[in-house]
Amino acid sequence: MKGRVKSRRDAVSPFRNKLWDLFQEKATGMDGADVVSALKQAGEEIWAVGIDDTYSSMKHQDDEALGNAFDITWLTIVCIKLNEIKAGKKPHVRTKNKSKKVGR
C-alpha cells in the first residue's frame, strides 16, 4: 500500500514542476516589479477566498501531497495574474483591513 501512495505523490510532483516552468516562462521578459505584483496579488487572492485558512486547518500540513496541492493552487493563480498584467490589466490590490481605503 505504501508504494501505491508514493506513486500518487510522484504523479503530482511532475505536474507541479511543470507549473514552475510555466511560471518562469510567463515571467520571462517582464519587469521585476510586475512579477512581484503578480506574486503579491496571488497571495491576496488566496487569502481573500480563504484557501490559506483551509490549508492551515488541515491536520497533515507536512504531507507532500497537500503541499503539492497548495503549490499548484498558488502557481495557477500567479500564472493567471502574470497573464493579466501582460494583457495590460491594472493590478487589483486587496487589503486585509476592509475599512482601510486606498487612494485613487
# chains A, B, ... in the order shown; residues from 1 in each chain; ligands from 1
call {"tool": "select_by_dssp", "arguments": {"residues": "range 6-76 of chain A", "states": "alpha helix (DSSP H)", "output": "NGL selection string"}}
result
:A and (6-27 or 32-49 or 51-56 or 64-76)
call {"tool": "residues_around", "arguments": {"residues": "Leu39 in chain A", "least_positions_apart": "4", "cutoff": "10 Å", "atoms": "only C-alpha atoms", "output": "list of chain:residue names"}}
result
A:Ala33, A:Asp34, A:Val35, A:Gly43, A:Glu44, A:Glu45, A:Trp74, A:Leu75, A:Ile77, A:Val78, A:Cys79, A:Lys81, A:Leu82
call {"tool": "closest_residue", "arguments": {"among": "A:Leu19, A:Ala11, A:Ala27, A:Met58", "to": "Asp71 in chain A", "atoms": "only C-alpha atoms"}}
result
A:Leu19
call {"tool": "closest_residue", "arguments": {"among": "A:Val12, A:Lys86, A:Lys59, A:Ile72", "to": "Ala42 in chain A", "atoms": "only C-alpha atoms"}}
result
A:Ile72
call {"tool": "residues_around", "arguments": {"residues": "Ser13 in chain A", "least_positions_apart": "2", "cutoff": "10 Å", "atoms": "only C-alpha atoms", "output": "list in words"}}
result
Arg8, Arg9, Asp10, Ala11, Phe15, Arg16, Asn17, Lys18, Leu19, Glu64, Ala65, Gly67, Asn68, Ala69, Asp71 and Ile72 of chain A
call {"tool": "write_last_selection", "arguments": {"atoms": "all heavy atoms", "output": "CSV table (one decimal), in the first residue's frame"}}
result
chain,number,residue,atom,x,y,z
A,8,ARG,N,1.3,8.0,-6.2
A,8,ARG,CA,0.4,9.1,-6.4
A,8,ARG,C,1.1,10.4,-6.1
A,8,ARG,O,0.9,11.4,-6.8
A,8,ARG,CB,-0.8,9.0,-5.4
A,8,ARG,CG,-1.8,7.9,-5.9
A,8,ARG,CD,-3.0,8.0,-5.0
A,8,ARG,NE,-3.7,6.7,-5.1
A,8,ARG,CZ,-4.3,6.1,-4.1
A,8,ARG,NH1,-4.4,6.7,-2.9
A,8,ARG,NH2,-4.9,5.0,-4.3
A,9,ARG,N,1.9,10.5,-5.1
A,9,ARG,CA,2.6,11.7,-4.8
A,9,ARG,C,3.6,12.0,-6.0
A,9,ARG,O,3.7,13.1,-6.4
A,9,ARG,CB,3.5,11.5,-3.5
A,9,ARG,CG,2.6,11.5,-2.3
A,9,ARG,CD,3.5,11.4,-1.1
A,9,ARG,NE,2.7,11.3,0.1
A,9,ARG,CZ,3.1,11.0,1.3
A,9,ARG,NH1,4.4,10.6,1.4
A,9,ARG,NH2,2.3,10.9,2.3
A,10,ASP,N,4.2,11.0,-6.5
A,10,ASP,CA,5.2,11.2,-7.6
A,10,ASP,C,4.5,11.6,-8.8
A,10,ASP,O,5.1,12.3,-9.7
A,10,ASP,CB,6.0,9.9,-7.8
A,10,ASP,CG,7.0,9.7,-6.7
A,10,ASP,OD1,7.3,10.6,-5.9
A,10,ASP,OD2,7.5,8.6,-6.6
A,11,ALA,N,3.2,11.3,-9.0
A,11,ALA,CA,2.5,11.7,-10.2
A,11,ALA,C,2.1,13.2,-10.1
A,11,ALA,O,2.0,13.8,-11.2
A,11,ALA,CB,1.2,10.8,-10.3
A,15,PHE,N,3.8,17.4,-12.3
A,15,PHE,CA,2.8,18.5,-12.8
A,15,PHE,C,3.2,19.8,-12.1
A,15,PHE,O,3.2,20.9,-12.7
A,15,PHE,CB,1.4,18.1,-12.5
A,15,PHE,CG,0.4,19.1,-12.8
A,15,PHE,CD1,0.2,19.5,-14.1
A,15,PHE,CD2,-0.4,19.7,-11.9
A,15,PHE,CE1,-0.7,20.5,-14.5
A,15,PHE,CE2,-1.4,20.6,-12.2
A,15,PHE,CZ,-1.5,21.0,-13.5
A,16,ARG,N,3.4,19.7,-10.8
A,16,ARG,CA,3.8,20.9,-10.0
A,16,ARG,C,5.1,21.5,-10.6
A,16,ARG,O,5.1,22.8,-10.8
A,16,ARG,CB,4.0,20.6,-8.6
A,16,ARG,CG,4.3,21.9,-7.7
A,16,ARG,CD,5.1,21.6,-6.5
A,16,ARG,NE,6.4,20.9,-6.8
A,16,ARG,CZ,6.9,20.0,-6.1
A,16,ARG,NH1,6.4,19.6,-5.0
A,16,ARG,NH2,8.1,19.4,-6.5
A,17,ASN,N,6.0,20.7,-11.0
A,17,ASN,CA,7.3,21.2,-11.5
A,17,ASN,C,7.0,21.8,-12.9
A,17,ASN,O,7.7,22.8,-13.2
A,17,ASN,CB,8.3,20.1,-11.7
A,17,ASN,CG,8.7,19.6,-10.3
A,17,ASN,OD1,8.6,20.3,-9.3
A,17,ASN,ND2,9.2,18.4,-10.2
A,18,LYS,N,6.1,21.3,-13.7
A,18,LYS,CA,5.8,21.9,-15.0
A,18,LYS,C,5.1,23.3,-14.8
A,18,LYS,O,5.3,24.2,-15.6
A,18,LYS,CB,4.9,21.0,-15.8
A,18,LYS,CG,5.6,19.8,-16.3
A,18,LYS,CD,5.0,19.3,-17.6
A,18,LYS,CE,5.8,18.1,-18.1
A,18,LYS,NZ,6.9,18.5,-19.0
A,19,LEU,N,4.3,23.4,-13.7
A,19,LEU,CA,3.8,24.7,-13.4
A,19,LEU,C,4.8,25.8,-13.0
A,19,LEU,O,4.7,26.9,-13.4
A,19,LEU,CB,2.7,24.6,-12.3
A,19,LEU,CG,1.4,24.1,-12.7
A,19,LEU,CD1,0.5,23.9,-11.5
A,19,LEU,CD2,0.7,24.9,-13.8
A,64,GLU,N,3.4,15.7,1.8
A,64,GLU,CA,3.9,16.2,0.5
A,64,GLU,C,2.7,16.4,-0.5
A,64,GLU,O,2.7,17.4,-1.2
A,64,GLU,CB,4.8,15.2,-0.2
A,64,GLU,CG,5.4,15.6,-1.5
A,64,GLU,CD,6.4,14.6,-2.1
A,64,GLU,OE1,6.7,13.6,-1.4
A,64,GLU,OE2,6.8,14.9,-3.2
A,65,ALA,N,1.7,15.5,-0.5
A,65,ALA,CA,0.6,15.7,-1.4
A,65,ALA,C,-0.2,17.0,-1.1
A,65,ALA,O,-0.6,17.7,-2.1
A,65,ALA,CB,-0.3,14.5,-1.4
A,67,GLY,N,1.0,19.7,0.3
A,67,GLY,CA,1.9,20.8,-0.1
A,67,GLY,C,1.9,21.0,-1.6
A,67,GLY,O,1.8,22.1,-2.1
A,68,ASN,N,1.9,19.9,-2.3
A,68,ASN,CA,1.8,20.0,-3.8
A,68,ASN,C,0.5,20.6,-4.2
A,68,ASN,O,0.5,21.4,-5.1
A,68,ASN,CB,2.0,18.6,-4.4
A,68,ASN,CG,3.4,18.1,-4.4
A,68,ASN,OD1,4.3,18.9,-4.3
A,68,ASN,ND2,3.6,16.8,-4.6
A,69,ALA,N,-0.6,20.2,-3.6
A,69,ALA,CA,-1.9,20.8,-3.9
A,69,ALA,C,-1.9,22.3,-3.7
A,69,ALA,O,-2.4,23.1,-4.5
A,69,ALA,CB,-3.0,20.1,-3.1
A,71,ASP,N,0.8,24.3,-3.6
A,71,ASP,CA,1.7,24.9,-4.6
A,71,ASP,C,1.0,25.0,-6.0
A,71,ASP,O,1.1,26.0,-6.6
A,71,ASP,CB,2.9,24.0,-4.8
A,71,ASP,CG,3.9,24.1,-3.7
A,71,ASP,OD1,3.7,24.9,-2.8
A,71,ASP,OD2,4.9,23.3,-3.7
A,72,ILE,N,0.2,24.0,-6.4
A,72,ILE,CA,-0.5,24.0,-7.7
A,72,ILE,C,-1.5,25.1,-7.7
A,72,ILE,O,-1.6,25.9,-8.6
A,72,ILE,CB,-1.1,22.6,-8.0
A,72,ILE,CG1,0.0,21.6,-8.3
A,72,ILE,CG2,-2.1,22.7,-9.1
A,72,ILE,CD1,-0.4,20.2,-8.3
call {"tool": "atom_distance", "arguments": {"atom1": "CA of His60 in chain A", "atom2": "CA of Val36 in chain A"}}
result
29.6 Å
